[in-house]
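Colleague: My structure is in query_33.cif, and what it holds is mmCIF, C-alpha atoms and all ligand atoms:
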data_upload
loop_
_atom_site.label_atom_id
_atom_site.label_comp_id
_atom_site.auth_asym_id
_atom_site.auth_seq_id
_atom_site.Cartn_x
_atom_site.Cartn_y
_atom_site.Cartn_z
CA MET E 779 117.26 97.67 94.06
CA ALA E 780 117.18 101.07 92.44
CA GLY E 781 118.86 103.84 94.43
CA VAL E 782 116.01 106.18 93.56
CA VAL E 783 113.82 108.41 95.68
CA ALA E 784 110.87 109.40 93.47
CA ILE E 785 109.20 112.53 94.83
CA PHE E 786 105.74 113.34 93.49
CA ASP E 787 103.76 116.53 93.63
CA PHE E 788 100.05 115.60 94.05
CA ASP E 789 97.65 118.02 92.30
CA LYS E 790 97.89 117.74 88.49
CA THR E 791 100.72 115.21 88.88
CA ILE E 792 98.96 112.24 90.56
CA ILE E 793 95.38 113.46 90.17
CA ASP E 794 94.39 115.25 86.97
CA CYS E 795 92.97 118.33 88.70
CA ASP E 796 93.63 120.57 91.68
CA SER E 797 92.04 118.88 94.71
CA ASP E 798 91.15 122.21 96.38
CA ASN E 799 89.41 123.53 93.24
CA TRP E 800 87.79 120.16 92.61
CA LEU E 801 86.21 120.04 96.05
CA VAL E 802 85.09 123.68 96.05
CA ASP E 803 83.57 123.41 92.56
CA GLU E 804 81.90 120.02 93.14
CA MET E 805 80.40 121.26 96.42
CA GLY E 806 78.96 124.31 94.68
CA ALA E 807 81.07 126.77 96.70
CA THR E 808 83.01 128.39 93.85
CA GLU E 809 81.33 131.78 94.21
CA LEU E 810 82.21 132.13 97.90
CA PHE E 811 85.73 130.88 97.23
CA ASP E 812 86.28 133.47 94.49
CA LEU E 813 84.83 136.20 96.69
CA LEU E 814 87.15 135.43 99.61
CA LEU E 815 90.34 134.61 97.64
CA PRO E 816 91.53 138.23 97.37
CA THR E 817 91.22 138.64 101.14
CA MET E 818 93.38 135.83 102.50
CA PRO E 819 96.13 133.34 101.60
CA TRP E 820 94.98 130.22 99.70
CA ASN E 821 95.82 127.83 102.53
CA SER E 822 93.86 129.90 105.11
CA LEU E 823 90.97 130.14 102.65
CA MET E 824 90.77 126.34 102.34
CA ASP E 825 90.47 126.09 106.14
CA ARG E 826 87.70 128.72 105.99
CA MET E 827 85.94 126.88 103.14
CA MET E 828 85.92 123.62 105.11
CA ARG E 829 84.28 125.52 107.98
CA GLU E 830 81.71 127.15 105.68
CA LEU E 831 80.81 123.82 104.05
CA GLN E 832 80.40 122.11 107.40
CA LEU E 833 78.31 125.00 108.78
CA GLN E 834 76.07 124.54 105.74
CA GLY E 835 75.53 120.96 106.91
CA ARG E 836 77.98 119.16 104.64
CA THR E 837 79.49 116.20 106.46
CA ILE E 838 83.09 115.02 106.43
CA GLU E 839 81.85 111.84 104.70
CA GLU E 840 80.36 113.93 101.88
CA ILE E 841 83.65 115.80 101.54
CA ALA E 842 85.56 112.50 101.43
CA ASP E 843 83.16 111.01 98.86
CA CYS E 844 83.60 114.07 96.67
CA LEU E 845 87.40 113.76 96.85
CA LYS E 846 87.20 110.07 95.88
CA ARG E 847 85.62 111.10 92.57
CA ALA E 848 88.64 113.25 91.59
CA PRO E 849 90.17 111.82 88.39
CA LEU E 850 93.63 110.24 88.48
CA ILE E 851 96.19 110.97 85.77
CA PRO E 852 95.84 107.99 83.38
CA ASN E 853 98.58 105.37 84.00
CA ILE E 854 99.60 106.94 87.31
CA ALA E 855 98.52 103.88 89.32
CA SER E 856 100.74 101.55 87.29
CA ALA E 857 103.57 104.12 87.30
CA ILE E 858 103.43 104.12 91.11
CA THR E 859 103.14 100.35 91.58
CA ASN E 860 105.80 99.55 88.96
CA ALA E 861 108.28 102.11 90.31
CA HIS E 862 107.70 100.71 93.79
CA ALA E 863 108.26 97.16 92.51
CA LEU E 864 111.60 98.30 91.07
CA GLY E 865 112.65 99.43 94.55
CA CYS E 866 111.98 103.16 94.32
CA ASP E 867 111.32 104.95 97.60
CA LEU E 868 108.18 106.97 96.79
CA ARG E 869 107.30 110.19 98.58
CA ILE E 870 104.91 113.12 98.17
CA VAL E 871 105.58 116.86 98.51
CA SER E 872 102.32 118.76 98.05
CA ASP E 873 100.58 122.01 98.90
CA ALA E 874 97.25 120.13 99.24
CA ASN E 875 96.74 118.57 102.69
CA THR E 876 97.00 115.23 104.47
CA PHE E 877 93.22 114.64 104.60
CA PHE E 878 92.68 115.14 100.86
CA ILE E 879 95.78 113.18 99.80
CA GLN E 880 95.26 110.23 102.14
CA THR E 881 91.54 109.99 101.29
CA ILE E 882 92.23 109.89 97.54
CA LEU E 883 95.27 107.59 97.63
CA LYS E 884 93.57 105.17 100.04
CA HIS E 885 90.47 105.05 97.84
CA HIS E 886 92.63 103.97 94.87
CA GLY E 887 94.73 101.52 96.94
CA LEU E 888 97.88 103.62 96.45
CA LEU E 889 98.56 105.04 99.92
CA GLU E 890 100.70 102.11 101.07
CA TYR E 891 103.25 102.68 98.28
CA PHE E 892 104.42 106.01 99.74
CA SER E 893 106.93 106.20 102.59
CA GLU E 894 106.37 109.89 103.31
CA ILE E 895 103.78 112.61 102.65
CA ASN E 896 104.98 116.18 103.16
CA THR E 897 102.00 118.53 103.04
CA ASN E 898 99.76 120.89 104.99
CA PRO E 899 98.10 119.22 108.01
CA GLY E 900 94.45 118.33 107.35
CA PHE E 901 92.61 116.76 110.29
CA VAL E 902 89.39 116.60 112.28
CA ASP E 903 89.65 118.76 115.43
CA GLU E 904 88.06 118.28 118.89
CA GLN E 905 84.84 119.94 117.69
CA GLY E 906 84.61 117.42 114.86
CA MET E 907 85.54 120.06 112.25
CA LEU E 908 87.83 119.30 109.33
CA ARG E 909 90.70 121.80 109.57
CA ILE E 910 93.49 122.66 107.12
CA LEU E 911 96.58 124.32 108.55
CA PRO E 912 99.80 125.61 106.94
CA TYR E 913 102.89 123.39 106.57
CA HIS E 914 105.08 126.29 107.76
CA ASP E 915 103.66 128.62 110.40
CA PHE E 916 104.02 131.68 108.17
CA LYS E 917 102.41 134.23 110.50
CA SER E 918 104.99 134.09 113.28
CA CYS E 919 108.28 134.34 111.41
CA LEU E 920 110.12 135.77 108.43
CA PRO E 921 109.29 134.35 104.99
CA VAL E 922 110.53 130.77 104.72
CA CYS E 923 111.63 131.34 101.12
CA ASP E 924 112.40 134.44 99.02
CA LEU E 925 111.24 132.83 95.80
CA GLU E 926 108.11 134.47 94.40
CA SER E 927 106.84 131.09 93.15
CA CYS E 928 106.71 129.63 96.70
CA PRO E 929 103.47 130.19 98.66
CA PRO E 930 103.98 131.53 102.22
CA ASN E 931 102.69 128.33 103.82
CA MET E 932 104.93 125.89 101.99
CA CYS E 933 108.39 125.98 100.45
CA LYS E 934 108.93 122.63 98.71
CA GLY E 935 112.63 123.46 98.25
CA ARG E 936 113.00 123.31 102.04
CA VAL E 937 111.50 119.83 102.03
CA ILE E 938 113.88 118.72 99.26
CA GLU E 939 116.84 120.09 101.25
CA ARG E 940 115.81 117.99 104.25
CA ILE E 941 115.32 114.87 102.13
CA LYS E 942 118.73 115.34 100.44
CA ALA E 943 120.45 115.69 103.83
CA SER E 944 118.84 112.44 105.01
CA LEU E 945 119.89 110.36 101.98
CA ASP E 946 123.06 108.40 101.52
CA GLY E 947 125.14 110.11 98.83
CA ASN E 948 124.54 107.59 96.03
CA LYS E 949 120.76 107.92 96.02
CA ARG E 950 119.29 109.92 93.17
CA ILE E 951 116.08 111.91 93.28
CA ILE E 952 113.51 111.87 90.49
CA TYR E 953 111.09 114.76 91.04
CA LEU E 954 107.72 114.98 89.28
CA GLY E 955 105.59 118.12 89.33
CA ASP E 956 103.61 120.66 87.35
CA GLY E 957 103.09 123.82 89.36
CA LYS E 958 104.85 127.04 90.30
CA GLY E 959 105.51 125.64 93.77
CA ASP E 960 107.57 122.82 92.23
CA TYR E 961 110.10 125.28 90.83
CA CYS E 962 111.87 125.72 94.18
CA SER E 963 112.24 121.91 94.33
CA SER E 964 113.80 121.83 90.87
CA LEU E 965 116.35 124.50 91.89
CA ASN E 966 117.35 122.32 94.85
CA LEU E 967 118.03 119.13 92.88
CA ARG E 968 121.65 118.04 92.25
CA GLU E 969 123.50 117.03 89.09
CA GLN E 970 122.83 113.34 89.68
CA ASP E 971 119.07 113.96 90.06
CA PHE E 972 116.26 114.17 87.50
CA MET E 973 113.52 116.75 87.14
CA MET E 974 110.33 115.57 85.42
CA PRO E 975 108.21 118.70 84.78
CA ARG E 976 104.74 118.45 83.21
CA LYS E 977 105.21 120.00 79.79
CA ASN E 978 103.57 123.40 79.18
CA TYR E 979 102.54 123.75 82.82
CA PRO E 980 103.85 126.55 85.11
CA VAL E 981 106.96 124.74 86.39
CA TRP E 982 107.95 123.92 82.81
CA ASP E 983 107.63 127.59 81.82
CA LEU E 984 109.74 128.68 84.80
CA ILE E 985 112.43 126.10 83.99
CA CYS E 986 112.45 127.13 80.32
CA SER E 987 112.95 130.79 81.28
CA ASP E 988 116.54 129.84 82.27
CA PRO E 989 117.34 126.11 82.07
CA SER E 990 120.95 126.78 83.14
CA LEU E 991 119.70 127.30 86.72
CA ILE E 992 118.69 123.63 86.97
CA LYS E 993 121.51 121.21 87.78
CA ALA E 994 119.37 118.06 87.44
CA LYS E 995 118.70 116.40 84.10
CA ILE E 996 115.32 117.46 82.73
CA HIS E 997 112.84 115.00 81.22
CA ALA E 998 109.42 116.53 80.55
CA TRP E 999 106.17 114.54 80.29
CA SER E 1000 102.90 115.43 78.58
CA ASP E 1001 100.57 112.64 79.74
CA GLY E 1002 100.42 109.69 82.09
CA GLU E 1003 101.83 107.29 79.56
CA GLU E 1004 104.91 109.42 79.05
CA LEU E 1005 105.20 109.97 82.80
CA GLU E 1006 105.21 106.23 83.42
CA SER E 1007 107.63 105.29 80.62
CA THR E 1008 110.06 108.08 81.57
CA LEU E 1009 109.97 107.31 85.29
CA LEU E 1010 110.56 103.60 84.72
CA HIS E 1011 113.24 104.24 82.10
CA LEU E 1012 115.15 106.55 84.47
CA THR E 1013 114.80 104.04 87.31
CA HIS E 1014 116.18 101.26 85.10
CA THR E 1015 119.00 103.55 84.01
CA VAL E 1016 119.97 104.34 87.61
CA SER E 1017 119.99 100.61 88.43
CA TYR E 1018 122.15 99.96 85.37
CA LEU E 1019 124.61 102.66 86.41
CA GLU E 1020 124.79 101.20 89.91
CA ASP E 1021 125.68 97.80 88.47
CA ASN E 1022 128.30 99.32 86.14
CA ILE E 1023 129.62 101.99 88.44
CA HIS E 1024 133.24 101.88 87.17
CA ASP E 1025 132.49 102.85 83.59
CA GLU E 1026 131.95 106.61 83.54
CA SER E 1027 130.96 106.57 79.88
CA ASN E 1028 127.62 105.21 81.13
CA ASP E 1029 126.70 108.78 81.95
CA LEU E 1030 125.93 109.09 78.24
CA PHE E 1031 122.73 107.23 79.03
CA ILE E 1032 121.41 110.07 81.11
CA SER E 1033 122.28 113.19 79.16
CA GLY E 1034 119.65 115.88 79.65
CA PHE E 1035 116.91 116.85 77.16
CA GLY E 1036 117.75 113.91 74.85
CA PRO E 1037 114.98 111.74 73.44
CA LEU E 1038 114.30 108.58 75.39
CA PRO E 1039 114.08 105.15 73.78
CA ILE E 1040 110.46 104.31 73.00
CA SER E 1041 110.53 100.76 74.29
CA VAL E 1042 111.04 100.46 78.01
CA PRO E 1043 111.94 97.10 79.56
CA HIS E 1044 109.47 96.09 82.28
MG MG E 1101 100.68 120.30 91.24
ZN ZN E 1102 111.01 127.94 98.20
#
Represent the structure from my file as structure tokens, please.

Modeller:
Amino acid sequence: MAGVVAIFDFDKTIIDCDSDNWLVDEMGATELFDLLLPTMPWNSLMDRMMRELQLQGRTIEEIADCLKRAPLIPNIASAITNAHALGCDLRIVSDANTFFIQTILKHHGLLEYFSEINTNPGFVDEQGMLRILPYHDFKSCLPVCDLESCPPNMCKGRVIERIKASLDGNKRIIYLGDGKGDYCSSLNLREQDFMMPRKNYPVWDLICSDPSLIKAKIHAWSDGEELESTLLHLTHTVSYLEDNIHDESNDLFISGFGPLPISVPH
């Protein structure tokens, strides 16, 4: 069994779009969204947009059906099922919401592979309205995080800190993400962990601005195929190191930034 906790961002890491933008655009509400965006935080705006759509007569079923059409990153389904088969503990840390993520993952038969989803609450309230609330209650307290790249409603670094504290010391984290909000996570990874940023996306740019701030080994990916081969290669490598724990020269296998072998044993 691999001693790996693989933590996935959701938007543009599991699905190949931003679920909030996808829904707003597909439902023809882009104009209203753009009009309101300067007036309120993104997370509060999504709650407002759900209300507006439902007041216009859109049903929760229509919203769910729209989400089910969101495209997955190619190869992500096999990356998830193969990593799970190798014994990885798979989790999600996302600034989307539980309703969107569960609807999409369930539709593709992938929900059961994840042990934990850390995201903004998305649920149907007593009035039958779909609501989206913040992960952190950001109105009643000081900012959760000083980092400019963290939105007020969710600091993913905080989530990573909690996960690290709950793990036994030998477990390694592999973190996959694309966005600005994933930068705080990457700063919170340890030397034995791996950061898998999506190449040429915001988190990649932030990491490249000063790679010395990241303790984890960095392995970028450009498409789903590279995501899958890298994730499985790293998982195999961790298993190999566990089996050969006494030979420290094995750390050569996981030096950062180096090219990975092309063929990956499955
Ligand atoms: Mg993302
Ligand atoms: Zn943060």

Colleague: Contacts of stretch 850-864 of chain E at 8 Å or less, counting all atoms listed in the file, minus same-chain residues fewer than 3 places along, as a PDB file with C-alpha atoms, in the coordinates of the input?

Modeller:
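Writing the result to result.pdb gives the following:
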ATOM      1  CA  MET E 779     117.260  97.670  94.060  1.00  0.00           C
ATOM      2  CA  ALA E 780     117.180 101.070  92.440  1.00  0.00           C
ATOM      3  CA  LYS E 790      97.890 117.740  88.490  1.00  0.00           C
ATOM      4  CA  THR E 791     100.720 115.210  88.880  1.00  0.00           C
ATOM      5  CA  ILE E 792      98.960 112.240  90.560  1.00  0.00           C
ATOM      6  CA  ILE E 793      95.380 113.460  90.170  1.00  0.00           C
ATOM      7  CA  ASP E 794      94.390 115.250  86.970  1.00  0.00           C
ATOM      8  CA  ASP E 867     111.320 104.950  97.600  1.00  0.00           C
ATOM      9  CA  LEU E 868     108.180 106.970  96.790  1.00  0.00           C
ATOM     10  CA  LEU E 888      97.880 103.620  96.450  1.00  0.00           C
ATOM     11  CA  TYR E 891     103.250 102.680  98.280  1.00  0.00           C
ATOM     12  CA  ASP E1001     100.570 112.640  79.740  1.00  0.00           C
ATOM     13  CA  GLY E1002     100.420 109.690  82.090  1.00  0.00           C
ATOM     14  CA  GLU E1003     101.830 107.290  79.560  1.00  0.00           C
ATOM     15  CA  LEU E1005     105.200 109.970  82.800  1.00  0.00           C
ATOM     16  CA  GLU E1006     105.210 106.230  83.420  1.00  0.00           C
ATOM     17  CA  SER E1007     107.630 105.290  80.620  1.00  0.00           C
ATOM     18  CA  LEU E1009     109.970 107.310  85.290  1.00  0.00           C
ATOM     19  CA  LEU E1010     110.560 103.600  84.720  1.00  0.00           C
ATOM     20  CA  THR E1013     114.800 104.040  87.310  1.00  0.00           C
TER      21      THR E1013
END

Colleague: Write out as a CSV table (one decimal) with C-alpha atoms, in the frame of the given file the residues lying within 9 Å of stretch 828-837 of chain E, counting all atoms listed in the file and excluding same-chain residues fewer than 3 positions away.

Modeller:
chain,number,residue,atom,x,y,z
E,805,MET,CA,80.4,121.3,96.4
E,807,ALA,CA,81.1,126.8,96.7
E,823,LEU,CA,91.0,130.1,102.6
E,824,MET,CA,90.8,126.3,102.3
E,825,ASP,CA,90.5,126.1,106.1
E,840,GLU,CA,80.4,113.9,101.9
E,841,ILE,CA,83.6,115.8,101.5
E,842,ALA,CA,85.6,112.5,101.4
E,907,MET,CA,85.5,120.1,112.2
E,908,LEU,CA,87.8,119.3,109.3
E,909,ARG,CA,90.7,121.8,109.6
E,910,ILE,CA,93.5,122.7,107.1

Colleague: Give as a ChimeraX atom specification the residues surrounding ligand ZN 1102 (chain E) up to a distance of 6 Å, considering only C-alpha atoms and all ligand atoms.

Modeller: /E:923,925,928,933-935,962

Colleague: In terms of the shortest atom-to-atom distance over all atoms listed in the file, which of E:Pro975, E:Gly947, E:Pro899, E:Pro930 is closest to ligand MG 1101 (chain E)?

Modeller: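 Ranked by minimum distance to ligand MG 1101 (chain E), first place goes to E:Pro975.
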
Colleague: Counting all atoms listed in the file, give me one row per residue of chain E with an atom at most 6 Å from an atom of ligand MG 1101 (chain E), showing the shortest contact pair and its distance in Å to one decimal, sorted by chain then residue number, as CSV.

Modeller:
residue,atom,partner,partner_atom,distance
E:Asp787,CA,E:MG1101,MG,5.4
E:Phe788,CA,E:MG1101,MG,5.5
E:Asp789,CA,E:MG1101,MG,3.9
E:Lys790,CA,E:MG1101,MG,4.7
E:Thr791,CA,E:MG1101,MG,5.6
E:Gly955,CA,E:MG1101,MG,5.7
E:Asp956,CA,E:MG1101,MG,4.9
E:Gly957,CA,E:MG1101,MG,4.7

Colleague: May I have the selected residues written with C-alpha atoms, as a PDB file, in the frame of the given file?

Modeller:
ATOM      1  CA  ASP E 787     103.760 116.530  93.630  1.00  0.00           C
ATOM      2  CA  PHE E 788     100.050 115.600  94.050  1.00  0.00           C
ATOM      3  CA  ASP E 789      97.650 118.020  92.300  1.00  0.00           C
ATOM      4  CA  LYS E 790      97.890 117.740  88.490  1.00  0.00           C
ATOM      5  CA  THR E 791     100.720 115.210  88.880  1.00  0.00           C
ATOM      6  CA  GLY E 955     105.590 118.120  89.330  1.00  0.00           C
ATOM      7  CA  ASP E 956     103.610 120.660  87.350  1.00  0.00           C
ATOM      8  CA  GLY E 957     103.090 123.820  89.360  1.00  0.00           C
TER       9      GLY E 957
END

Colleague: Put the listed atoms of stretch 897-903 of chain E in a box along x, y and z with 6 Å added on every side and give me the centre and edge lengths in Å to one decimal, as lines of an AutoDock Vina configuration file.

Modeller:
center_x = 95.7
center_y = 118.7
center_z = 109.2
size_x = 24.6
size_y = 16.3
size_z = 24.4

Colleague: Around the point (88.4, 117.9, 93.6) (coordinates from the file), which residues reach within 9 Å if we count only C-alpha atoms? Answer as an NGL selection string.

Modeller: :E and (793 or 795-804 or 844-849 or 878)

Colleague: Could you please determine the separation between atom CA of E:Lys995 and atom CA of E:Arg950 in Å, to one decimal place?

Modeller: 11.2 Å

Colleague: Counting all atoms listed in the file, which of E:Asp843, E:Asp903, E:Asp971, E:Glu939 gets nearest to E:Lys993?

Modeller: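 When distances to E:Lys993 are compared using all atoms listed in the file, the smallest one comes from E:Asp971.
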
Colleague: Using all atoms listed in the file, find the one residue out of E:Asn875, E:Asn931, E:Ser1017, E:Thr1008 that sits nearest to E:Phe901.

Modeller: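 Distance minimum relative to E:Phe901 lands on E:Asn875.
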
Colleague: Might you pull out every residue within 10 Å of E:Ile952, with all atoms listed in the file counted and same-chain residues fewer than 2 positions away left off, and present them as a PDB file with C-alpha atoms, keeping the file's coordinate frame?

Modeller:
ATOM      1  CA  VAL E 782     116.010 106.180  93.560  1.00  0.00           C
ATOM      2  CA  VAL E 783     113.820 108.410  95.680  1.00  0.00           C
ATOM      3  CA  ALA E 784     110.870 109.400  93.470  1.00  0.00           C
ATOM      4  CA  ILE E 785     109.200 112.530  94.830  1.00  0.00           C
ATOM      5  CA  PHE E 786     105.740 113.340  93.490  1.00  0.00           C
ATOM      6  CA  CYS E 866     111.980 103.160  94.320  1.00  0.00           C
ATOM      7  CA  LEU E 868     108.180 106.970  96.790  1.00  0.00           C
ATOM      8  CA  LYS E 949     120.760 107.920  96.020  1.00  0.00           C
ATOM      9  CA  ARG E 950     119.290 109.920  93.170  1.00  0.00           C
ATOM     10  CA  LEU E 954     107.720 114.980  89.280  1.00  0.00           C
ATOM     11  CA  SER E 964     113.800 121.830  90.870  1.00  0.00           C
ATOM     12  CA  LEU E 967     118.030 119.130  92.880  1.00  0.00           C
ATOM     13  CA  GLN E 970     122.830 113.340  89.680  1.00  0.00           C
ATOM     14  CA  ASP E 971     119.070 113.960  90.060  1.00  0.00           C
ATOM     15  CA  PHE E 972     116.260 114.170  87.500  1.00  0.00           C
ATOM     16  CA  MET E 973     113.520 116.750  87.140  1.00  0.00           C
ATOM     17  CA  MET E 974     110.330 115.570  85.420  1.00  0.00           C
ATOM     18  CA  ALA E 994     119.370 118.060  87.440  1.00  0.00           C
ATOM     19  CA  LYS E 995     118.700 116.400  84.100  1.00  0.00           C
ATOM     20  CA  ILE E 996     115.320 117.460  82.730  1.00  0.00           C
ATOM     21  CA  HIS E 997     112.840 115.000  81.220  1.00  0.00           C
ATOM     22  CA  LEU E1009     109.970 107.310  85.290  1.00  0.00           C
ATOM     23  CA  LEU E1012     115.150 106.550  84.470  1.00  0.00           C
ATOM     24  CA  THR E1013     114.800 104.040  87.310  1.00  0.00           C
TER      25      THR E1013
END
